[in-house]
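Asks: mmCIF, C-alpha atoms, file start.cif:
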```
data_query
#
loop_
_atom_site.label_atom_id
_atom_site.label_comp_id
_atom_site.auth_asym_id
_atom_site.auth_seq_id
_atom_site.Cartn_x
_atom_site.Cartn_y
_atom_site.Cartn_z
CA MET T 1 -89.65 -5.09 -14.92
CA PRO T 2 -86.33 -6.50 -13.63
CA THR T 3 -83.05 -5.36 -15.11
CA THR T 4 -81.17 -8.32 -16.50
CA ASP T 5 -77.72 -8.74 -17.99
CA PRO T 6 -77.50 -10.74 -21.25
CA ARG T 7 -74.17 -12.16 -20.07
CA ILE T 8 -76.03 -14.00 -17.30
CA ASP T 9 -78.50 -15.35 -19.88
CA ALA T 10 -75.49 -16.65 -21.82
CA TYR T 11 -73.90 -18.10 -18.64
CA ILE T 12 -77.07 -20.02 -17.83
CA ALA T 13 -77.44 -21.23 -21.43
CA LYS T 14 -73.85 -22.58 -21.42
CA ALA T 15 -74.25 -24.32 -18.05
CA GLN T 16 -74.77 -28.07 -17.74
CA PRO T 17 -78.42 -29.07 -18.29
CA PHE T 18 -78.94 -29.93 -14.58
CA ALA T 19 -77.67 -26.45 -13.61
CA ARG T 20 -79.96 -24.33 -15.78
CA PRO T 21 -83.13 -24.63 -13.67
CA ILE T 22 -81.07 -24.13 -10.50
CA LEU T 23 -79.51 -20.92 -11.78
CA ALA T 24 -82.87 -19.71 -13.11
CA ARG T 25 -84.53 -20.25 -9.69
CA ILE T 26 -81.71 -18.44 -7.88
CA ARG T 27 -81.91 -15.53 -10.31
CA LYS T 28 -85.69 -15.32 -9.92
CA GLY T 29 -85.37 -15.41 -6.12
CA VAL T 30 -82.78 -12.63 -6.18
CA HIS T 31 -85.05 -10.38 -8.24
CA ALA T 32 -88.03 -11.19 -6.01
CA GLY T 33 -86.06 -10.26 -2.90
CA CYS T 34 -84.54 -7.09 -4.34
CA PRO T 35 -86.33 -5.66 -7.39
CA ASP T 36 -83.65 -2.95 -7.78
CA VAL T 37 -80.80 -5.45 -8.01
CA VAL T 38 -78.22 -4.93 -10.77
CA GLU T 39 -76.89 -8.00 -12.55
CA THR T 40 -73.26 -8.23 -13.60
CA ILE T 41 -70.43 -10.69 -14.06
CA LYS T 42 -67.61 -10.74 -11.50
CA TRP T 43 -64.83 -13.28 -11.30
CA SER T 44 -66.37 -14.85 -14.44
CA VAL T 45 -69.63 -15.77 -12.67
CA PRO T 46 -73.03 -14.07 -12.26
CA ALA T 47 -73.10 -11.49 -9.49
CA PHE T 48 -75.87 -9.30 -8.13
CA GLU T 49 -75.35 -5.82 -6.71
CA TYR T 50 -77.50 -3.44 -4.75
CA LYS T 51 -75.70 -0.50 -3.13
CA GLY T 52 -72.62 -2.68 -3.24
CA PRO T 53 -72.04 -6.42 -3.63
CA LEU T 54 -75.08 -8.51 -2.66
CA CYS T 55 -74.71 -12.13 -3.77
CA GLY T 56 -73.59 -14.38 -6.57
CA MET T 57 -74.07 -17.80 -8.06
CA ALA T 58 -71.92 -20.25 -9.95
CA ALA T 59 -72.30 -23.52 -11.84
CA PHE T 60 -69.74 -26.31 -11.86
CA LYS T 61 -69.60 -29.77 -13.47
CA ALA T 62 -71.84 -31.47 -10.91
CA HIS T 63 -73.21 -28.74 -8.61
CA CYS T 64 -74.11 -25.08 -8.23
CA LEU T 65 -73.54 -22.59 -5.42
CA MET T 66 -75.05 -19.37 -4.18
CA GLY T 67 -73.15 -17.08 -1.86
CA PHE T 68 -73.91 -13.82 -0.09
CA TRP T 69 -71.32 -11.11 0.32
CA LYS T 70 -72.46 -10.56 3.90
CA GLY T 71 -73.48 -14.15 4.54
CA ALA T 72 -71.68 -14.21 7.88
CA VAL T 73 -74.23 -11.79 9.37
CA LEU T 74 -77.43 -12.89 7.63
CA LYS T 75 -79.94 -14.40 10.06
CA THR T 76 -82.13 -16.06 7.41
CA LEU T 77 -79.39 -18.42 6.20
CA PRO T 78 -79.02 -21.97 7.47
CA LYS T 79 -76.20 -22.17 10.03
CA ASP T 80 -75.31 -25.80 9.30
CA ARG T 81 -74.33 -25.20 5.68
CA GLY T 82 -72.02 -23.06 3.64
CA LEU T 83 -68.85 -24.45 5.13
CA ASP T 84 -65.68 -25.10 3.15
CA ALA T 85 -66.48 -22.79 0.22
CA GLU T 86 -69.82 -24.47 -0.54
CA GLY T 87 -71.93 -21.33 -0.73
CA ASN T 88 -74.29 -20.18 2.00
CA PHE T 89 -76.88 -22.86 1.26
CA GLY T 90 -74.45 -25.69 0.54
CA ARG T 91 -74.19 -27.46 -2.80
CA PHE T 92 -77.11 -27.64 -5.21
CA GLU T 93 -76.91 -30.82 -7.27
CA SER T 94 -80.52 -30.66 -8.45
CA VAL T 95 -83.30 -28.11 -8.42
CA ASP T 96 -84.79 -30.02 -5.46
CA ASP T 97 -81.78 -28.92 -3.35
CA VAL T 98 -82.49 -25.24 -3.95
CA PRO T 99 -84.56 -23.38 -1.34
CA SER T 100 -87.93 -22.10 -2.50
CA GLU T 101 -88.11 -18.82 -4.33
CA ALA T 102 -89.71 -17.31 -1.19
CA ALA T 103 -86.81 -18.49 1.02
CA LEU T 104 -84.28 -17.11 -1.43
CA ALA T 105 -86.18 -13.82 -1.62
CA ARG T 106 -86.17 -13.51 2.21
CA ALA T 107 -82.40 -13.95 2.35
CA VAL T 108 -81.84 -11.52 -0.53
CA SER T 109 -84.18 -8.97 1.07
CA GLU T 110 -82.26 -9.19 4.34
CA ALA T 111 -78.94 -8.78 2.50
CA ALA T 112 -80.32 -5.72 0.67
CA LYS T 113 -81.40 -4.18 3.99
CA LEU T 114 -77.88 -4.66 5.34
CA ASN T 115 -76.55 -2.79 2.31
CA ASP T 116 -79.17 -0.06 2.83
CA LEU T 117 -77.92 0.36 6.41
CA GLY T 118 -74.27 0.30 5.35
CA VAL T 119 -73.50 -2.69 7.57
CA LYS T 120 -69.93 -3.88 7.21
CA VAL T 121 -68.89 -7.48 7.74
CA PRO T 122 -66.07 -7.68 10.24
CA ARG T 123 -63.04 -9.16 8.52
CA THR T 124 -61.02 -11.53 10.58
CA VAL T 125 -57.32 -11.54 9.95
CA LYS T 126 -55.48 -14.51 11.32
CA ALA T 127 -52.42 -13.45 13.24
CA LYS T 128 -49.38 -15.31 12.07
CA LYS T 129 -47.60 -17.16 14.80
CA PRO T 130 -43.95 -16.28 15.10
CA LEU T 131 -41.98 -18.73 13.03
CA LYS T 132 -38.93 -20.14 14.72
CA ALA T 133 -35.78 -20.46 12.67
CA PRO T 134 -34.32 -23.97 12.68
CA ALA T 135 -31.01 -24.44 14.49
CA TYR T 136 -29.12 -25.30 11.29
CA MET T 137 -30.16 -21.95 9.81
CA LEU T 138 -29.17 -19.93 12.87
CA THR T 139 -25.81 -21.74 13.01
CA ALA T 140 -25.08 -20.91 9.35
CA ILE T 141 -26.02 -17.25 9.84
CA LYS T 142 -23.92 -17.00 13.02
CA LYS T 143 -20.78 -17.97 11.05
CA ASN T 144 -21.02 -14.68 9.09
CA LYS T 145 -20.97 -11.53 11.25
CA LYS T 146 -22.53 -9.30 8.57
CA ALA T 147 -25.31 -11.81 7.93
CA GLN T 148 -25.93 -12.13 11.67
CA ALA T 149 -26.17 -8.35 12.09
CA THR T 150 -28.59 -8.09 9.17
CA TYR T 151 -30.73 -10.97 10.43
CA ASP T 152 -30.87 -9.51 13.94
CA ALA T 153 -32.04 -6.17 12.50
CA PHE T 154 -34.77 -7.72 10.35
CA SER T 155 -38.43 -7.26 11.17
CA PRO T 156 -40.35 -10.45 12.02
CA SER T 157 -41.83 -10.52 8.50
CA CYS T 158 -38.38 -10.30 6.86
CA LYS T 159 -37.15 -13.15 9.05
CA ARG T 160 -40.27 -15.16 8.23
CA GLU T 161 -39.66 -14.83 4.48
CA TYR T 162 -36.20 -16.34 4.79
CA ILE T 163 -37.29 -19.04 7.24
CA GLU T 164 -40.21 -20.13 5.04
CA TRP T 165 -38.07 -20.10 1.89
CA ILE T 166 -35.43 -22.31 3.45
CA THR T 167 -37.69 -24.69 5.36
CA ASP T 168 -40.10 -25.14 2.42
CA ALA T 169 -37.35 -26.76 0.33
CA LYS T 170 -38.32 -30.28 -0.71
CA THR T 171 -34.82 -31.75 -0.74
CA ASP T 172 -31.72 -31.31 1.42
CA ALA T 173 -29.75 -30.16 -1.62
CA THR T 174 -32.25 -27.40 -2.34
CA ARG T 175 -32.40 -26.42 1.33
CA ASN T 176 -28.60 -26.19 1.56
CA ARG T 177 -28.40 -24.16 -1.65
CA ARG T 178 -31.06 -21.75 -0.39
CA LEU T 179 -29.35 -21.46 2.99
CA GLU T 180 -26.03 -20.59 1.33
CA THR T 181 -27.76 -17.99 -0.85
CA ALA T 182 -29.63 -16.56 2.14
CA VAL T 183 -26.45 -16.09 4.17
CA HIS T 184 -24.79 -14.42 1.17
CA TRP T 185 -27.74 -12.06 0.67
CA MET T 186 -27.97 -11.23 4.36
CA ALA T 187 -24.24 -10.47 4.41
CA GLU T 188 -25.04 -7.90 1.69
CA GLY T 189 -27.90 -6.51 3.81
CA LYS T 190 -30.62 -7.82 1.50
CA ILE T 191 -34.13 -8.94 2.38
CA ARG T 192 -35.38 -12.19 0.88
CA ASN T 193 -37.29 -10.55 -2.01
CA TRP T 194 -34.77 -7.78 -2.62
CA LYS T 195 -35.06 -8.20 -6.40
CA TYR T 196 -38.63 -6.88 -6.33
CA VAL T 197 -38.00 -3.80 -4.19
CA ARG T 198 -38.09 -0.56 -6.16
#
```
Would you mind giving the structure from this file in C-alpha coordinates?
Replies:
Amino acid sequence: MPTTDPRIDAYIAKAQPFARPILARIRKGVHAGCPDVVETIKWSVPAFEYKGPLCGMAAFKAHCLMGFWKGAVLKTLPKDRGLDAEGNFGRFESVDDVPSEAALARAVSEAAKLNDLGVKVPRTVKAKKPLKAPAYMLTAIKKNKKAQATYDAFSPSCKREYIEWITDAKTDATRNRRLETAVHWMAEGKIRNWKYVR
(Lines of atoms letter the chains of each structure in order from A and count residues from 1; the text may use other names and numbers.)
(Lines give C-alpha, C1' and ligand atoms only; values in the text may rest on other atoms or scores of the structure.)
Protein backbone atom coordinates (compact mmCIF):
# COMPACT_ATOMS: atom_id res chain seq x y z
CA MET A 1 0.00 0.00 0.00
CA PRO A 2 1.47 3.40 -0.96
CA THR A 3 2.51 5.87 1.71
CA THR A 4 0.61 9.10 1.27
CA ASP A 5 0.79 12.48 2.97
CA PRO A 6 -2.53 14.03 4.06
CA ARG A 7 -1.14 17.46 3.18
CA ILE A 8 -1.10 16.41 -0.48
CA ASP A 9 -4.72 15.23 -0.17
CA ALA A 10 -5.54 18.71 1.16
CA TYR A 11 -3.53 20.40 -1.62
CA ILE A 12 -5.43 18.49 -4.28
CA ALA A 13 -8.78 19.19 -2.60
CA LYS A 14 -8.05 22.95 -2.53
CA ALA A 15 -6.91 23.04 -6.17
CA GLN A 16 -9.12 24.37 -8.97
CA PRO A 17 -11.63 21.77 -10.19
CA PHE A 18 -9.79 21.29 -13.52
CA ALA A 19 -6.54 20.58 -11.63
CA ARG A 20 -7.77 17.83 -9.31
CA PRO A 21 -7.83 14.97 -11.85
CA ILE A 22 -4.47 16.14 -13.24
CA LEU A 23 -2.82 16.08 -9.83
CA ALA A 24 -4.44 12.74 -8.99
CA ARG A 25 -3.11 11.16 -12.21
CA ILE A 26 0.39 12.51 -11.59
CA ARG A 27 0.34 11.22 -8.02
CA LYS A 28 -0.87 7.80 -9.15
CA GLY A 29 1.84 7.65 -11.84
CA VAL A 30 4.53 8.56 -9.31
CA HIS A 31 3.46 5.75 -6.98
CA ALA A 32 3.26 3.30 -9.89
CA GLY A 33 6.79 4.18 -10.98
CA CYS A 34 8.29 4.13 -7.50
CA PRO A 35 6.27 2.25 -4.86
CA ASP A 36 8.72 3.31 -2.12
CA VAL A 37 8.31 7.01 -2.82
CA VAL A 38 7.80 9.33 0.17
CA GLU A 39 5.33 12.18 -0.20
CA THR A 40 6.01 15.56 1.36
CA ILE A 41 5.45 19.26 0.84
CA LYS A 42 8.38 21.43 -0.28
CA TRP A 43 8.21 25.04 -1.34
CA SER A 44 4.47 24.84 -0.52
CA VAL A 45 3.77 22.26 -3.25
CA PRO A 46 3.61 18.44 -3.33
CA ALA A 47 7.01 16.79 -3.65
CA PHE A 48 8.06 13.16 -3.93
CA GLU A 49 11.30 11.76 -2.56
CA TYR A 50 13.14 8.51 -2.97
CA LYS A 51 16.74 8.45 -1.74
CA GLY A 52 16.69 12.19 -2.26
CA PRO A 53 14.48 14.54 -4.26
CA LEU A 54 12.64 12.81 -7.11
CA CYS A 55 9.90 15.02 -8.57
CA GLY A 56 7.12 17.41 -7.74
CA MET A 57 3.88 18.84 -9.02
CA ALA A 58 2.05 22.12 -8.70
CA ALA A 59 -1.33 23.59 -9.57
CA PHE A 60 -1.89 27.18 -10.69
CA LYS A 61 -4.97 29.16 -11.75
CA ALA A 62 -5.15 27.74 -15.27
CA HIS A 63 -2.55 24.96 -15.50
CA CYS A 64 -0.52 22.35 -13.63
CA LEU A 65 3.12 21.30 -13.87
CA MET A 66 5.23 18.28 -13.07
CA GLY A 67 8.98 18.54 -12.73
CA PHE A 68 11.79 16.09 -12.08
CA TRP A 69 14.76 16.97 -9.93
CA LYS A 70 17.08 15.29 -12.43
CA GLY A 71 14.97 16.06 -15.48
CA ALA A 72 18.01 17.25 -17.43
CA VAL A 73 19.38 13.70 -17.60
CA LEU A 74 16.18 11.66 -17.92
CA LYS A 75 15.91 9.93 -21.29
CA THR A 76 12.17 9.16 -21.06
CA LEU A 77 11.11 12.82 -21.00
CA PRO A 78 10.07 14.71 -24.12
CA LYS A 79 12.91 16.94 -25.33
CA ASP A 80 10.66 19.56 -26.93
CA ARG A 81 8.92 20.56 -23.70
CA GLY A 82 9.75 21.76 -20.24
CA LEU A 83 11.30 25.01 -21.36
CA ASP A 84 10.90 28.31 -19.54
CA ALA A 85 9.89 26.84 -16.17
CA GLU A 86 6.97 24.85 -17.59
CA GLY A 87 7.79 21.53 -15.98
CA ASN A 88 9.35 18.60 -17.80
CA PHE A 89 6.16 17.74 -19.70
CA GLY A 90 5.04 21.30 -20.38
CA ARG A 91 1.81 22.79 -19.08
CA PHE A 92 -1.20 20.63 -18.25
CA GLU A 93 -4.41 22.59 -18.78
CA SER A 94 -6.66 19.54 -18.80
CA VAL A 95 -6.32 15.88 -17.90
CA ASP A 96 -6.02 15.16 -21.64
CA ASP A 97 -2.65 16.98 -21.64
CA VAL A 98 -1.21 14.66 -19.01
CA PRO A 99 0.80 11.65 -20.21
CA SER A 100 -0.67 8.25 -19.45
CA GLU A 101 -0.08 6.72 -16.06
CA ALA A 102 2.29 4.23 -17.74
CA ALA A 103 4.36 7.05 -19.31
CA LEU A 104 4.54 8.86 -16.00
CA ALA A 105 5.53 5.65 -14.24
CA ARG A 106 8.37 5.05 -16.76
CA ALA A 107 9.80 8.51 -16.15
CA VAL A 108 9.48 8.16 -12.37
CA SER A 109 11.08 4.70 -12.48
CA GLU A 110 14.02 6.08 -14.45
CA ALA A 111 14.40 8.98 -11.99
CA ALA A 112 14.34 6.52 -9.06
CA LYS A 113 17.09 4.44 -10.71
CA LEU A 114 19.22 7.56 -11.06
CA ASN A 115 18.80 8.17 -7.33
CA ASP A 116 19.65 4.51 -6.63
CA LEU A 117 22.89 4.96 -8.58
CA GLY A 118 23.67 8.28 -6.89
CA VAL A 119 23.78 10.14 -10.21
CA LYS A 120 24.34 13.85 -9.79
CA VAL A 121 23.04 16.43 -12.22
CA PRO A 122 25.84 18.66 -13.39
CA ARG A 123 25.08 22.21 -12.32
CA THR A 124 25.96 24.87 -14.80
CA VAL A 125 27.09 28.16 -13.38
CA LYS A 126 27.07 31.02 -15.79
CA ALA A 127 30.32 32.93 -15.66
CA LYS A 128 29.71 36.60 -15.24
CA LYS A 129 31.26 38.72 -17.92
CA PRO A 130 33.53 41.42 -16.59
CA LEU A 131 31.50 44.56 -16.18
CA LYS A 132 33.13 47.68 -17.50
CA ALA A 133 32.86 50.81 -15.41
CA PRO A 134 31.43 53.78 -17.31
CA ALA A 135 33.81 56.66 -18.04
CA TYR A 136 31.90 59.10 -15.80
CA MET A 137 32.40 56.75 -12.85
CA LEU A 138 36.12 56.26 -13.46
CA THR A 139 36.57 60.03 -13.85
CA ALA A 140 34.84 60.70 -10.51
CA ILE A 141 36.93 58.06 -8.73
CA LYS A 142 40.16 59.36 -10.28
CA LYS A 143 39.56 62.79 -8.68
CA ASN A 144 40.04 61.23 -5.21
CA LYS A 145 43.40 59.48 -4.69
CA LYS A 146 42.19 57.37 -1.74
CA ALA A 147 39.10 56.26 -3.65
CA GLN A 148 41.23 55.43 -6.69
CA ALA A 149 43.64 53.34 -4.60
CA THR A 150 40.75 51.47 -2.99
CA TYR A 151 39.02 50.86 -6.32
CA ASP A 152 42.24 49.61 -7.92
CA ALA A 153 42.71 47.14 -5.02
CA PHE A 154 39.16 45.79 -5.22
CA SER A 155 38.45 42.29 -6.47
CA PRO A 156 36.35 42.08 -9.66
CA SER A 157 33.25 41.26 -7.59
CA CYS A 158 33.71 44.33 -5.37
CA LYS A 159 34.07 46.52 -8.45
CA ARG A 160 31.00 44.89 -9.99
CA GLU A 161 28.87 45.71 -6.94
CA TYR A 162 29.67 49.40 -7.23
CA ILE A 163 29.31 49.46 -11.02
CA GLU A 164 25.91 47.73 -10.93
CA TRP A 165 24.66 49.95 -8.09
CA ILE A 166 25.56 53.12 -9.94
CA THR A 167 24.52 52.08 -13.45
CA ASP A 168 21.21 50.57 -12.28
CA ALA A 169 19.98 53.99 -11.11
CA LYS A 170 16.79 54.98 -12.92
CA THR A 171 17.39 58.73 -12.92
CA ASP A 172 20.45 60.94 -13.36
CA ALA A 173 19.86 62.45 -9.92
CA THR A 174 19.93 59.03 -8.28
CA ARG A 175 22.97 57.99 -10.30
CA ASN A 176 24.87 61.15 -9.31
CA ARG A 177 23.94 60.72 -5.65
CA ARG A 178 25.09 57.10 -5.69
CA LEU A 179 28.32 58.03 -7.45
CA GLU A 180 29.09 60.68 -4.84
CA THR A 181 28.37 58.19 -2.04
CA ALA A 182 30.49 55.52 -3.74
CA VAL A 183 33.51 57.80 -4.05
CA HIS A 184 33.12 58.79 -0.38
CA TRP A 185 32.91 55.15 0.73
CA MET A 186 35.84 54.10 -1.43
CA ALA A 187 37.90 56.95 0.02
CA GLU A 188 37.20 55.35 3.41
CA GLY A 189 38.27 51.94 2.05
CA LYS A 190 34.75 50.49 2.12
CA ILE A 191 33.21 47.89 -0.16
CA ARG A 192 29.74 48.57 -1.53
CA ASN A 193 27.90 46.46 1.10
CA TRP A 194 30.16 47.38 3.99
CA LYS A 195 27.18 47.78 6.34
CA TYR A 196 26.50 44.04 6.20
CA VAL A 197 30.05 42.84 6.84
CA ARG A 198 30.55 41.42 10.33
Asks: Show me, as number ranges by chain, the residues that have an atom within 10 Å of Glu161 (chain T) when counting all atoms listed in the file, minus same-chain residues fewer than 2 positions from it.
Replies: T: 131, 156-159, 163-166, 191-193
Asks: How big is the axis-aligned box around all listed atoms of region 153-168 of chain T once 6 Å goes on each side, and where's its centre, in Å to one decimal, as AutoDock Vina command-line options?
Replies:
```
--center_x -36.9 --center_y -15.7 --center_z 7.2 --size_x 21.8 --size_y 31.0 --size_z 22.6
```
Asks: Could you pull the residues within 12 Å of Asp97 (chain T), counting only C-alpha atoms, minus those fewer than 3 positions along the same chain, as number ranges by chain?
Replies: T: 18-19, 21-23, 25-26, 63-66, 89-94, 100-101
Asks: Residues picked by the PyMOL selection byres ((chain T and resi 121) around 10) here, as a PDB file with C-alpha atoms, keeping the file's coordinate frame?
Replies:
```pdb
ATOM      1  CA  TRP T  69     -71.320 -11.110   0.320  1.00  0.00           C
ATOM      2  CA  LYS T  70     -72.460 -10.560   3.900  1.00  0.00           C
ATOM      3  CA  GLY T  71     -73.480 -14.150   4.540  1.00  0.00           C
ATOM      4  CA  ALA T  72     -71.680 -14.210   7.880  1.00  0.00           C
ATOM      5  CA  VAL T  73     -74.230 -11.790   9.370  1.00  0.00           C
ATOM      6  CA  LEU T 114     -77.880  -4.660   5.340  1.00  0.00           C
ATOM      7  CA  GLY T 118     -74.270   0.300   5.350  1.00  0.00           C
ATOM      8  CA  VAL T 119     -73.500  -2.690   7.570  1.00  0.00           C
ATOM      9  CA  LYS T 120     -69.930  -3.880   7.210  1.00  0.00           C
ATOM     10  CA  PRO T 122     -66.070  -7.680  10.240  1.00  0.00           C
ATOM     11  CA  ARG T 123     -63.040  -9.160   8.520  1.00  0.00           C
ATOM     12  CA  THR T 124     -61.020 -11.530  10.580  1.00  0.00           C
TER      13      THR T 124
END
```
Asks: For CA of Val45 (chain T) and CA of Ala58 (chain T), determine how far apart the two atoms are, in Å to one decimal place.
Replies: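 Between CA of Val45 (chain T) and CA of Ala58 (chain T) the gap works out to 5.7 Å.
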Asks: Tell me, in Å to one decimal, how far CA of Val30 (chain T) is from CA of Pro6 (chain T).
Replies: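 Rounded to one decimal, the two atoms are 16.1 Å apart.
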Asks: Identify which of the residues T:Leu179, T:Leu54, T:Ala10, T:Ala15 lies closest to Met137 (chain T), counting all atoms listed in the file when measuring atom-to-atom distances.
Replies: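 That would be T:Leu179, the residue with the smallest distance to Met137 (chain T).
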Asks: The PyMOL selection byres ((chain T and resi 175) around 12) - which residues does that actually catch in the file I just gave you? List them as a count of residues only.
Replies: 23
Asks: One decimal, in Å: what's the spacing between CA of Arg198 (chain T) and CA of Phe154 (chain T)?
Replies: 18.3 Å
Asks: Point out the residue among T:Tyr196, T:Phe60, T:Trp185, T:Tyr151 with the least atom-to-atom distance to Ile12 (chain T), counting all atoms listed in the file.
Replies: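 Looking only at the distances to Ile12 (chain T), the closest residue turns out to be T:Phe60.
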Asks: Decode the PyMOL selection byres ((chain T and resi 144) around 12) for the given file into explicit residues and return them as a PDB file with C-alpha atoms, keeping the file's coordinate frame.
Replies:
```
ATOM      1  CA  MET T 137     -30.160 -21.950   9.810  1.00  0.00           C
ATOM      2  CA  LEU T 138     -29.170 -19.930  12.870  1.00  0.00           C
ATOM      3  CA  THR T 139     -25.810 -21.740  13.010  1.00  0.00           C
ATOM      4  CA  ALA T 140     -25.080 -20.910   9.350  1.00  0.00           C
ATOM      5  CA  ILE T 141     -26.020 -17.250   9.840  1.00  0.00           C
ATOM      6  CA  LYS T 142     -23.920 -17.000  13.020  1.00  0.00           C
ATOM      7  CA  LYS T 143     -20.780 -17.970  11.050  1.00  0.00           C
ATOM      8  CA  LYS T 145     -20.970 -11.530  11.250  1.00  0.00           C
ATOM      9  CA  LYS T 146     -22.530  -9.300   8.570  1.00  0.00           C
ATOM     10  CA  ALA T 147     -25.310 -11.810   7.930  1.00  0.00           C
ATOM     11  CA  GLN T 148     -25.930 -12.130  11.670  1.00  0.00           C
ATOM     12  CA  ALA T 149     -26.170  -8.350  12.090  1.00  0.00           C
ATOM     13  CA  THR T 150     -28.590  -8.090   9.170  1.00  0.00           C
ATOM     14  CA  TYR T 151     -30.730 -10.970  10.430  1.00  0.00           C
ATOM     15  CA  GLU T 180     -26.030 -20.590   1.330  1.00  0.00           C
ATOM     16  CA  ALA T 182     -29.630 -16.560   2.140  1.00  0.00           C
ATOM     17  CA  VAL T 183     -26.450 -16.090   4.170  1.00  0.00           C
ATOM     18  CA  HIS T 184     -24.790 -14.420   1.170  1.00  0.00           C
ATOM     19  CA  TRP T 185     -27.740 -12.060   0.670  1.00  0.00           C
ATOM     20  CA  MET T 186     -27.970 -11.230   4.360  1.00  0.00           C
ATOM     21  CA  ALA T 187     -24.240 -10.470   4.410  1.00  0.00           C
ATOM     22  CA  GLU T 188     -25.040  -7.900   1.690  1.00  0.00           C
ATOM     23  CA  GLY T 189     -27.900  -6.510   3.810  1.00  0.00           C
TER      24      GLY T 189
END
```
Asks: Tell me, as JSON, numbers by chain, which residues lie within 12 Å of region 40-44 of chain T, counting all atoms listed in the file; anything in the same chain fewer than 3 positions away does not count.
Replies: {"T": [3, 4, 5, 6, 7, 8, 9, 10, 11, 27, 37, 47, 48, 49, 50, 52, 53, 54, 55, 56, 57, 58, 59]}
Asks: Store the residues picked out above in a file with C-alpha atoms, as a PDB file, in the frame of the given file.
Replies:
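Generated output (out-v6.pdb):
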```
ATOM      1  CA  THR T   3     -83.050  -5.360 -15.110  1.00  0.00           C
ATOM      2  CA  THR T   4     -81.170  -8.320 -16.500  1.00  0.00           C
ATOM      3  CA  ASP T   5     -77.720  -8.740 -17.990  1.00  0.00           C
ATOM      4  CA  PRO T   6     -77.500 -10.740 -21.250  1.00  0.00           C
ATOM      5  CA  ARG T   7     -74.170 -12.160 -20.070  1.00  0.00           C
ATOM      6  CA  ILE T   8     -76.030 -14.000 -17.300  1.00  0.00           C
ATOM      7  CA  ASP T   9     -78.500 -15.350 -19.880  1.00  0.00           C
ATOM      8  CA  ALA T  10     -75.490 -16.650 -21.820  1.00  0.00           C
ATOM      9  CA  TYR T  11     -73.900 -18.100 -18.640  1.00  0.00           C
ATOM     10  CA  ARG T  27     -81.910 -15.530 -10.310  1.00  0.00           C
ATOM     11  CA  VAL T  37     -80.800  -5.450  -8.010  1.00  0.00           C
ATOM     12  CA  ALA T  47     -73.100 -11.490  -9.490  1.00  0.00           C
ATOM     13  CA  PHE T  48     -75.870  -9.300  -8.130  1.00  0.00           C
ATOM     14  CA  GLU T  49     -75.350  -5.820  -6.710  1.00  0.00           C
ATOM     15  CA  TYR T  50     -77.500  -3.440  -4.750  1.00  0.00           C
ATOM     16  CA  GLY T  52     -72.620  -2.680  -3.240  1.00  0.00           C
ATOM     17  CA  PRO T  53     -72.040  -6.420  -3.630  1.00  0.00           C
ATOM     18  CA  LEU T  54     -75.080  -8.510  -2.660  1.00  0.00           C
ATOM     19  CA  CYS T  55     -74.710 -12.130  -3.770  1.00  0.00           C
ATOM     20  CA  GLY T  56     -73.590 -14.380  -6.570  1.00  0.00           C
ATOM     21  CA  MET T  57     -74.070 -17.800  -8.060  1.00  0.00           C
ATOM     22  CA  ALA T  58     -71.920 -20.250  -9.950  1.00  0.00           C
ATOM     23  CA  ALA T  59     -72.300 -23.520 -11.840  1.00  0.00           C
TER      24      ALA T  59
END
```
Asks: Pick out the closest residue to Gly33 (chain T) from this set: T:Val197, T:Leu104, T:Ala133, T:Ala153. Count all atoms listed in the file.
Replies: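 Closest to Gly33 (chain T) of all the choices is T:Leu104.
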